[in-house]
file target-v7.txt (compact mmCIF, N, CA and C atoms)
# COMPACT_ATOMS: atom_id res chain seq x y z
N MET A 948 -10.12 0.15 32.20
CA MET A 948 -11.06 -0.44 31.27
C MET A 948 -11.53 0.58 30.24
N ILE A 949 -11.88 1.77 30.69
CA ILE A 949 -12.38 2.79 29.77
C ILE A 949 -11.31 3.17 28.74
N TRP A 950 -10.05 3.19 29.16
CA TRP A 950 -8.98 3.57 28.24
C TRP A 950 -8.74 2.47 27.20
N THR A 951 -9.00 1.23 27.57
CA THR A 951 -8.90 0.14 26.60
C THR A 951 -9.97 0.30 25.54
N VAL A 952 -11.18 0.64 25.95
CA VAL A 952 -12.29 0.86 25.01
C VAL A 952 -11.99 2.06 24.12
N ILE A 953 -11.48 3.13 24.71
CA ILE A 953 -11.13 4.32 23.92
C ILE A 953 -10.02 3.98 22.92
N GLY A 954 -8.99 3.27 23.37
CA GLY A 954 -7.89 2.89 22.47
C GLY A 954 -8.36 1.99 21.35
N PHE A 955 -9.18 1.00 21.68
CA PHE A 955 -9.71 0.09 20.65
C PHE A 955 -10.59 0.84 19.66
N SER A 956 -11.42 1.76 20.16
CA SER A 956 -12.29 2.56 19.28
C SER A 956 -11.47 3.43 18.35
N ALA A 957 -10.47 4.10 18.90
CA ALA A 957 -9.61 4.96 18.09
C ALA A 957 -8.88 4.14 17.03
N ALA A 958 -8.35 2.99 17.42
CA ALA A 958 -7.64 2.13 16.47
C ALA A 958 -8.58 1.65 15.37
N SER A 959 -9.79 1.27 15.72
CA SER A 959 -10.75 0.78 14.73
C SER A 959 -11.13 1.88 13.73
N LEU A 960 -11.41 3.06 14.24
CA LEU A 960 -11.77 4.17 13.35
C LEU A 960 -10.63 4.51 12.40
N THR A 961 -9.41 4.51 12.91
CA THR A 961 -8.25 4.83 12.08
C THR A 961 -7.98 3.73 11.07
N MET A 962 -8.05 2.48 11.51
CA MET A 962 -7.74 1.36 10.62
C MET A 962 -8.63 1.35 9.38
N PHE A 963 -9.89 1.68 9.58
CA PHE A 963 -10.84 1.55 8.48
C PHE A 963 -11.25 2.89 7.87
N ALA A 964 -10.50 3.94 8.15
CA ALA A 964 -10.85 5.27 7.67
C ALA A 964 -10.82 5.39 6.14
N PHE A 965 -10.00 4.61 5.48
CA PHE A 965 -9.87 4.75 4.03
C PHE A 965 -10.74 3.77 3.25
N ILE A 966 -11.46 2.90 3.93
CA ILE A 966 -12.35 1.96 3.24
C ILE A 966 -13.42 2.68 2.43
N PRO A 967 -14.08 3.73 2.95
CA PRO A 967 -15.07 4.43 2.12
C PRO A 967 -14.46 5.01 0.84
N GLN A 968 -13.23 5.52 0.93
CA GLN A 968 -12.57 6.07 -0.27
C GLN A 968 -12.26 4.96 -1.26
N ILE A 969 -11.80 3.82 -0.77
CA ILE A 969 -11.52 2.68 -1.65
C ILE A 969 -12.80 2.24 -2.35
N LEU A 970 -13.89 2.14 -1.60
CA LEU A 970 -15.17 1.74 -2.19
C LEU A 970 -15.65 2.74 -3.22
N LYS A 971 -15.45 4.03 -2.95
CA LYS A 971 -15.86 5.06 -3.91
C LYS A 971 -15.05 4.96 -5.20
N VAL A 972 -13.75 4.76 -5.07
CA VAL A 972 -12.89 4.62 -6.25
C VAL A 972 -13.31 3.38 -7.05
N LEU A 973 -13.60 2.29 -6.36
CA LEU A 973 -14.06 1.08 -7.06
C LEU A 973 -15.38 1.32 -7.77
N LYS A 974 -16.30 2.00 -7.11
CA LYS A 974 -17.63 2.25 -7.68
C LYS A 974 -17.57 3.19 -8.88
N THR A 975 -16.82 4.28 -8.75
CA THR A 975 -16.77 5.28 -9.82
C THR A 975 -15.70 4.98 -10.87
N LYS A 976 -14.79 4.06 -10.52
CA LYS A 976 -13.65 3.74 -11.38
C LYS A 976 -12.85 5.00 -11.73
N SER A 977 -12.80 5.90 -10.75
CA SER A 977 -12.07 7.16 -10.92
C SER A 977 -11.35 7.50 -9.62
N ALA A 978 -10.10 7.93 -9.77
CA ALA A 978 -9.33 8.37 -8.61
C ALA A 978 -8.81 9.78 -8.84
N LYS A 979 -9.50 10.53 -9.71
CA LYS A 979 -9.01 11.86 -10.07
C LYS A 979 -9.00 12.83 -8.89
N ASP A 980 -9.85 12.60 -7.90
CA ASP A 980 -9.89 13.52 -6.76
C ASP A 980 -9.06 13.04 -5.57
N VAL A 981 -8.34 11.94 -5.75
CA VAL A 981 -7.51 11.40 -4.67
C VAL A 981 -6.16 12.10 -4.70
N SER A 982 -5.76 12.65 -3.58
CA SER A 982 -4.47 13.34 -3.48
C SER A 982 -3.36 12.34 -3.16
N ILE A 983 -2.49 12.11 -4.11
CA ILE A 983 -1.38 11.19 -3.92
C ILE A 983 -0.43 11.72 -2.84
N ILE A 984 -0.21 13.02 -2.82
CA ILE A 984 0.68 13.62 -1.82
C ILE A 984 0.15 13.35 -0.41
N THR A 985 -1.15 13.53 -0.22
CA THR A 985 -1.74 13.27 1.09
C THR A 985 -1.58 11.81 1.48
N LEU A 986 -1.83 10.90 0.55
CA LEU A 986 -1.70 9.47 0.84
C LEU A 986 -0.25 9.11 1.17
N LEU A 987 0.69 9.69 0.46
CA LEU A 987 2.10 9.42 0.75
C LEU A 987 2.50 9.98 2.11
N GLN A 988 2.04 11.18 2.40
CA GLN A 988 2.35 11.79 3.70
C GLN A 988 1.77 10.95 4.84
N LEU A 989 0.54 10.52 4.70
CA LEU A 989 -0.07 9.67 5.71
C LEU A 989 0.66 8.34 5.83
N SER A 990 1.10 7.78 4.71
CA SER A 990 1.83 6.51 4.72
C SER A 990 3.13 6.63 5.51
N VAL A 991 3.84 7.71 5.31
CA VAL A 991 5.08 7.93 6.06
C VAL A 991 4.77 8.07 7.56
N GLY A 992 3.73 8.83 7.88
CA GLY A 992 3.34 8.99 9.28
C GLY A 992 2.96 7.66 9.92
N VAL A 993 2.21 6.85 9.19
CA VAL A 993 1.80 5.53 9.70
C VAL A 993 3.02 4.63 9.88
N CYS A 994 3.97 4.69 8.96
CA CYS A 994 5.20 3.90 9.11
C CYS A 994 5.95 4.31 10.38
N LEU A 995 5.97 5.60 10.66
CA LEU A 995 6.61 6.07 11.89
C LEU A 995 5.85 5.58 13.13
N TRP A 996 4.52 5.55 13.06
CA TRP A 996 3.74 5.02 14.18
C TRP A 996 4.05 3.54 14.38
N ILE A 997 4.19 2.79 13.29
CA ILE A 997 4.54 1.37 13.41
C ILE A 997 5.90 1.21 14.09
N ALA A 998 6.87 2.02 13.67
CA ALA A 998 8.20 1.97 14.29
C ALA A 998 8.10 2.31 15.78
N TYR A 999 7.31 3.30 16.10
CA TYR A 999 7.11 3.68 17.50
C TYR A 999 6.47 2.55 18.29
N GLY A 1000 5.47 1.91 17.69
CA GLY A 1000 4.81 0.78 18.34
C GLY A 1000 5.76 -0.38 18.56
N ILE A 1001 6.62 -0.63 17.58
CA ILE A 1001 7.63 -1.69 17.74
C ILE A 1001 8.57 -1.35 18.89
N HIS A 1002 9.00 -0.10 18.95
CA HIS A 1002 9.88 0.35 20.03
C HIS A 1002 9.22 0.13 21.40
N LEU A 1003 7.92 0.46 21.50
CA LEU A 1003 7.20 0.31 22.76
C LEU A 1003 6.72 -1.12 22.99
N LYS A 1004 6.82 -1.96 21.94
CA LYS A 1004 6.28 -3.33 22.00
C LYS A 1004 4.78 -3.28 22.29
N ASP A 1005 4.09 -2.37 21.60
CA ASP A 1005 2.66 -2.16 21.79
C ASP A 1005 1.91 -2.73 20.58
N ALA A 1006 1.28 -3.88 20.78
CA ALA A 1006 0.61 -4.58 19.68
C ALA A 1006 -0.52 -3.77 19.07
N ILE A 1007 -1.25 -3.03 19.89
CA ILE A 1007 -2.37 -2.23 19.37
C ILE A 1007 -1.87 -1.19 18.37
N ILE A 1008 -0.82 -0.48 18.73
CA ILE A 1008 -0.25 0.54 17.82
C ILE A 1008 0.26 -0.13 16.55
N ILE A 1009 0.95 -1.23 16.69
CA ILE A 1009 1.52 -1.93 15.53
C ILE A 1009 0.43 -2.45 14.60
N ILE A 1010 -0.55 -3.14 15.14
CA ILE A 1010 -1.60 -3.74 14.32
C ILE A 1010 -2.47 -2.68 13.66
N ALA A 1011 -2.92 -1.70 14.45
CA ALA A 1011 -3.80 -0.66 13.90
C ALA A 1011 -3.12 0.08 12.76
N ASN A 1012 -1.87 0.43 12.95
CA ASN A 1012 -1.18 1.19 11.92
C ASN A 1012 -0.77 0.32 10.73
N SER A 1013 -0.55 -0.95 10.95
CA SER A 1013 -0.26 -1.86 9.84
C SER A 1013 -1.48 -2.02 8.94
N VAL A 1014 -2.66 -2.15 9.55
CA VAL A 1014 -3.90 -2.24 8.76
C VAL A 1014 -4.14 -0.93 8.02
N THR A 1015 -3.92 0.18 8.70
CA THR A 1015 -4.07 1.49 8.05
C THR A 1015 -3.12 1.61 6.87
N LEU A 1016 -1.87 1.19 7.04
CA LEU A 1016 -0.89 1.25 5.95
C LEU A 1016 -1.33 0.37 4.79
N ALA A 1017 -1.88 -0.79 5.08
CA ALA A 1017 -2.35 -1.67 4.01
C ALA A 1017 -3.46 -1.00 3.19
N THR A 1018 -4.40 -0.33 3.87
CA THR A 1018 -5.47 0.34 3.12
C THR A 1018 -4.92 1.53 2.33
N LEU A 1019 -3.94 2.21 2.88
CA LEU A 1019 -3.31 3.32 2.15
C LEU A 1019 -2.60 2.80 0.90
N ILE A 1020 -1.91 1.69 1.02
CA ILE A 1020 -1.20 1.11 -0.13
C ILE A 1020 -2.20 0.69 -1.19
N ILE A 1021 -3.30 0.06 -0.78
CA ILE A 1021 -4.34 -0.32 -1.74
C ILE A 1021 -4.86 0.90 -2.48
N LEU A 1022 -5.15 1.95 -1.75
CA LEU A 1022 -5.66 3.18 -2.37
C LEU A 1022 -4.62 3.82 -3.29
N LEU A 1023 -3.36 3.83 -2.88
CA LEU A 1023 -2.30 4.37 -3.73
C LEU A 1023 -2.18 3.59 -5.04
N VAL A 1024 -2.22 2.27 -4.95
CA VAL A 1024 -2.13 1.44 -6.15
C VAL A 1024 -3.33 1.67 -7.05
N MET A 1025 -4.52 1.71 -6.47
CA MET A 1025 -5.73 1.95 -7.26
C MET A 1025 -5.65 3.32 -7.95
N ALA A 1026 -5.21 4.32 -7.21
CA ALA A 1026 -5.12 5.67 -7.77
C ALA A 1026 -4.15 5.70 -8.95
N GLN A 1027 -3.02 5.03 -8.81
CA GLN A 1027 -2.05 5.02 -9.90
C GLN A 1027 -2.55 4.24 -11.10
N LEU A 1028 -3.21 3.12 -10.87
CA LEU A 1028 -3.72 2.31 -11.97
C LEU A 1028 -4.83 3.04 -12.73
N LEU A 1029 -5.66 3.77 -12.01
CA LEU A 1029 -6.78 4.46 -12.66
C LEU A 1029 -6.37 5.78 -13.29
N LYS A 1030 -5.20 6.30 -12.96
CA LYS A 1030 -4.75 7.55 -13.56
C LYS A 1030 -3.93 7.32 -14.83
N VAL A 1031 -3.67 6.05 -15.13
CA VAL A 1031 -2.92 5.75 -16.35
C VAL A 1031 -3.85 5.96 -17.54
N PRO A 1032 -3.40 6.73 -18.56
CA PRO A 1032 -4.28 7.00 -19.71
C PRO A 1032 -4.59 5.77 -20.53
call {"tool": "encode", "arguments": {"input": "target-v7.txt", "output": "structure tokens"}}
result
Amino acid sequence: MIWTVIGFSAASLTMFAFIPQILKVLKTKSAKDVSIITLLQLSVGVCLWIAYGIHLKDAIIIIANSVTLATLIILLVMAQLLKVP
């Protein structure tokens, strides 16, 4: 039971880790301090976690990392749109 709570907590924290950054970019309408390289690196890592979760047939790994990837994609798109002169 405790490991289920720990896993759910870890998944929740990871899934929503980029929401504050997305909100900040929306509020300031600036993405100048967002590192595209970091976001791309994290996106590749999350894709690998999704593949690993699929291999293990582990829904928690798949869902948590899919949500994380979605927030990373949103942030990447926002960063690119706001960096256009």
call {"tool": "residues_around", "arguments": {"input": "target-v7.txt", "residues": "Val1014 of chain A", "least_positions_apart": "4", "cutoff": "7 Å", "atoms": "all atoms listed in the file", "output": "PyMOL selection string"}}
result
chain A and resi 961-963+1009-1010+1018-1019
call {"tool": "residues_around", "arguments": {"input": "target-v7.txt", "residues": "Ile997 of chain A", "least_positions_apart": "3", "cutoff": "6 Å", "atoms": "all atoms listed in the file", "output": "mmCIF file with N, CA and C atoms, in the frame of the given file"}}
result
data_model
loop_
_atom_site.group_PDB
_atom_site.id
_atom_site.type_symbol
_atom_site.label_atom_id
_atom_site.label_comp_id
_atom_site.auth_asym_id
_atom_site.auth_seq_id
_atom_site.Cartn_x
_atom_site.Cartn_y
_atom_site.Cartn_z
ATOM 1 N N VAL A 993 2.210 6.850 9.190
ATOM 2 C CA VAL A 993 1.800 5.530 9.700
ATOM 3 C C VAL A 993 3.020 4.630 9.880
ATOM 4 N N CYS A 994 3.970 4.690 8.960
ATOM 5 C CA CYS A 994 5.200 3.900 9.110
ATOM 6 C C CYS A 994 5.950 4.310 10.380
ATOM 7 N N GLY A 1000 5.470 1.910 17.690
ATOM 8 C CA GLY A 1000 4.810 0.780 18.340
ATOM 9 C C GLY A 1000 5.760 -0.380 18.560
ATOM 10 N N ILE A 1001 6.620 -0.630 17.580
ATOM 11 C CA ILE A 1001 7.630 -1.690 17.740
ATOM 12 C C ILE A 1001 8.570 -1.350 18.890
ATOM 13 N N HIS A 1002 9.000 -0.100 18.950
ATOM 14 C CA HIS A 1002 9.880 0.350 20.030
ATOM 15 C C HIS A 1002 9.220 0.130 21.400
ATOM 16 N N ILE A 1008 -0.820 -0.480 18.730
ATOM 17 C CA ILE A 1008 -0.250 0.540 17.820
ATOM 18 C C ILE A 1008 0.260 -0.130 16.550
ATOM 19 N N ILE A 1009 0.950 -1.230 16.690
ATOM 20 C CA ILE A 1009 1.520 -1.930 15.530
ATOM 21 C C ILE A 1009 0.430 -2.450 14.600
ATOM 22 N N ASN A 1012 -1.870 0.430 12.950
ATOM 23 C CA ASN A 1012 -1.180 1.190 11.920
ATOM 24 C C ASN A 1012 -0.770 0.320 10.730
#
call {"tool": "axis_aligned_box", "arguments": {"input": "target-v7.txt", "around": "segment 957-964 of chain A", "padding_each_side": "8 Å", "output": "JSON"}}
result
{"center_x": -9.7, "center_y": 3.1, "center_z": 12.5, "size_x": 20.1, "size_y": 20.6, "size_z": 28.8}
call {"tool": "atom_distance", "arguments": {"input": "target-v7.txt", "atom1": "atom C of Leu1003 of chain A", "atom2": "atom N of Phe965 of chain A"}}
result
24.9 Å
call {"tool": "atom_distance", "arguments": {"input": "target-v7.txt", "atom1": "atom C of Ile1007 of chain A", "atom2": "atom C of Ala957 of chain A"}}
result
8.9 Å
call {"tool": "residues_around", "arguments": {"input": "target-v7.txt", "residues": "segment 975-977 of chain A", "least_positions_apart": "5", "cutoff": "7 Å", "atoms": "only N, CA and C atoms", "output": "VMD selection string"}}
result
chain A and resid 970 1026 1029
call {"tool": "closest_residue", "arguments": {"input": "target-v7.txt", "among": "A:Ser1013, A:Gln1027, A:Ser956, A:Trp950", "to": "Gly992 of chain A", "atoms": "only C-alpha atoms"}}
result
A:Ser1013
call {"tool": "residues_around", "arguments": {"input": "target-v7.txt", "residues": "Ile969 of chain A", "least_positions_apart": "6", "cutoff": "9 Å", "atoms": "only C-alpha atoms", "output": "list in words"}}
result
Thr1018, Ile1021, Leu1022 and Met1025 of chain A
call {"tool": "write_last_selection", "arguments": {"input": "target-v7.txt", "atoms": "N, CA and C atoms", "output": "PDB file, keeping the file's coordinate frame"}}
result
ATOM      1  N   THR A1018      -4.400  -0.330   3.870  1.00  0.00           N
ATOM      2  CA  THR A1018      -5.470   0.340   3.120  1.00  0.00           C
ATOM      3  C   THR A1018      -4.920   1.530   2.330  1.00  0.00           C
ATOM      4  N   ILE A1021      -3.300   0.060  -0.780  1.00  0.00           N
ATOM      5  CA  ILE A1021      -4.340  -0.320  -1.740  1.00  0.00           C
ATOM      6  C   ILE A1021      -4.860   0.900  -2.480  1.00  0.00           C
ATOM      7  N   LEU A1022      -5.150   1.950  -1.750  1.00  0.00           N
ATOM      8  CA  LEU A1022      -5.660   3.180  -2.370  1.00  0.00           C
ATOM      9  C   LEU A1022      -4.620   3.820  -3.290  1.00  0.00           C
ATOM     10  N   MET A1025      -4.520   1.710  -6.470  1.00  0.00           N
ATOM     11  CA  MET A1025      -5.730   1.950  -7.260  1.00  0.00           C
ATOM     12  C   MET A1025      -5.650   3.320  -7.950  1.00  0.00           C
TER      13      MET A1025
END
call {"tool": "atom_distance", "arguments": {"input": "target-v7.txt", "atom1": "atom CA of Met948 of chain A", "atom2": "atom CA of Lys1004 of chain A"}}
result
19.9 Å
call {"tool": "select_by_dssp", "arguments": {"input": "target-v7.txt", "residues": "segment 950-1020 of chain A", "states": "helix (DSSP H, G or I)", "output": "ChimeraX atom specification"}}
result
/A:950-962,966-975,983-1003,1006-1020
call {"tool": "closest_residue", "arguments": {"input": "target-v7.txt", "among": "A:Leu973, A:Leu1028, A:Leu1016, A:Phe955", "to": "Gln988 of chain A", "atoms": "only C-alpha atoms"}}
result
A:Leu1016
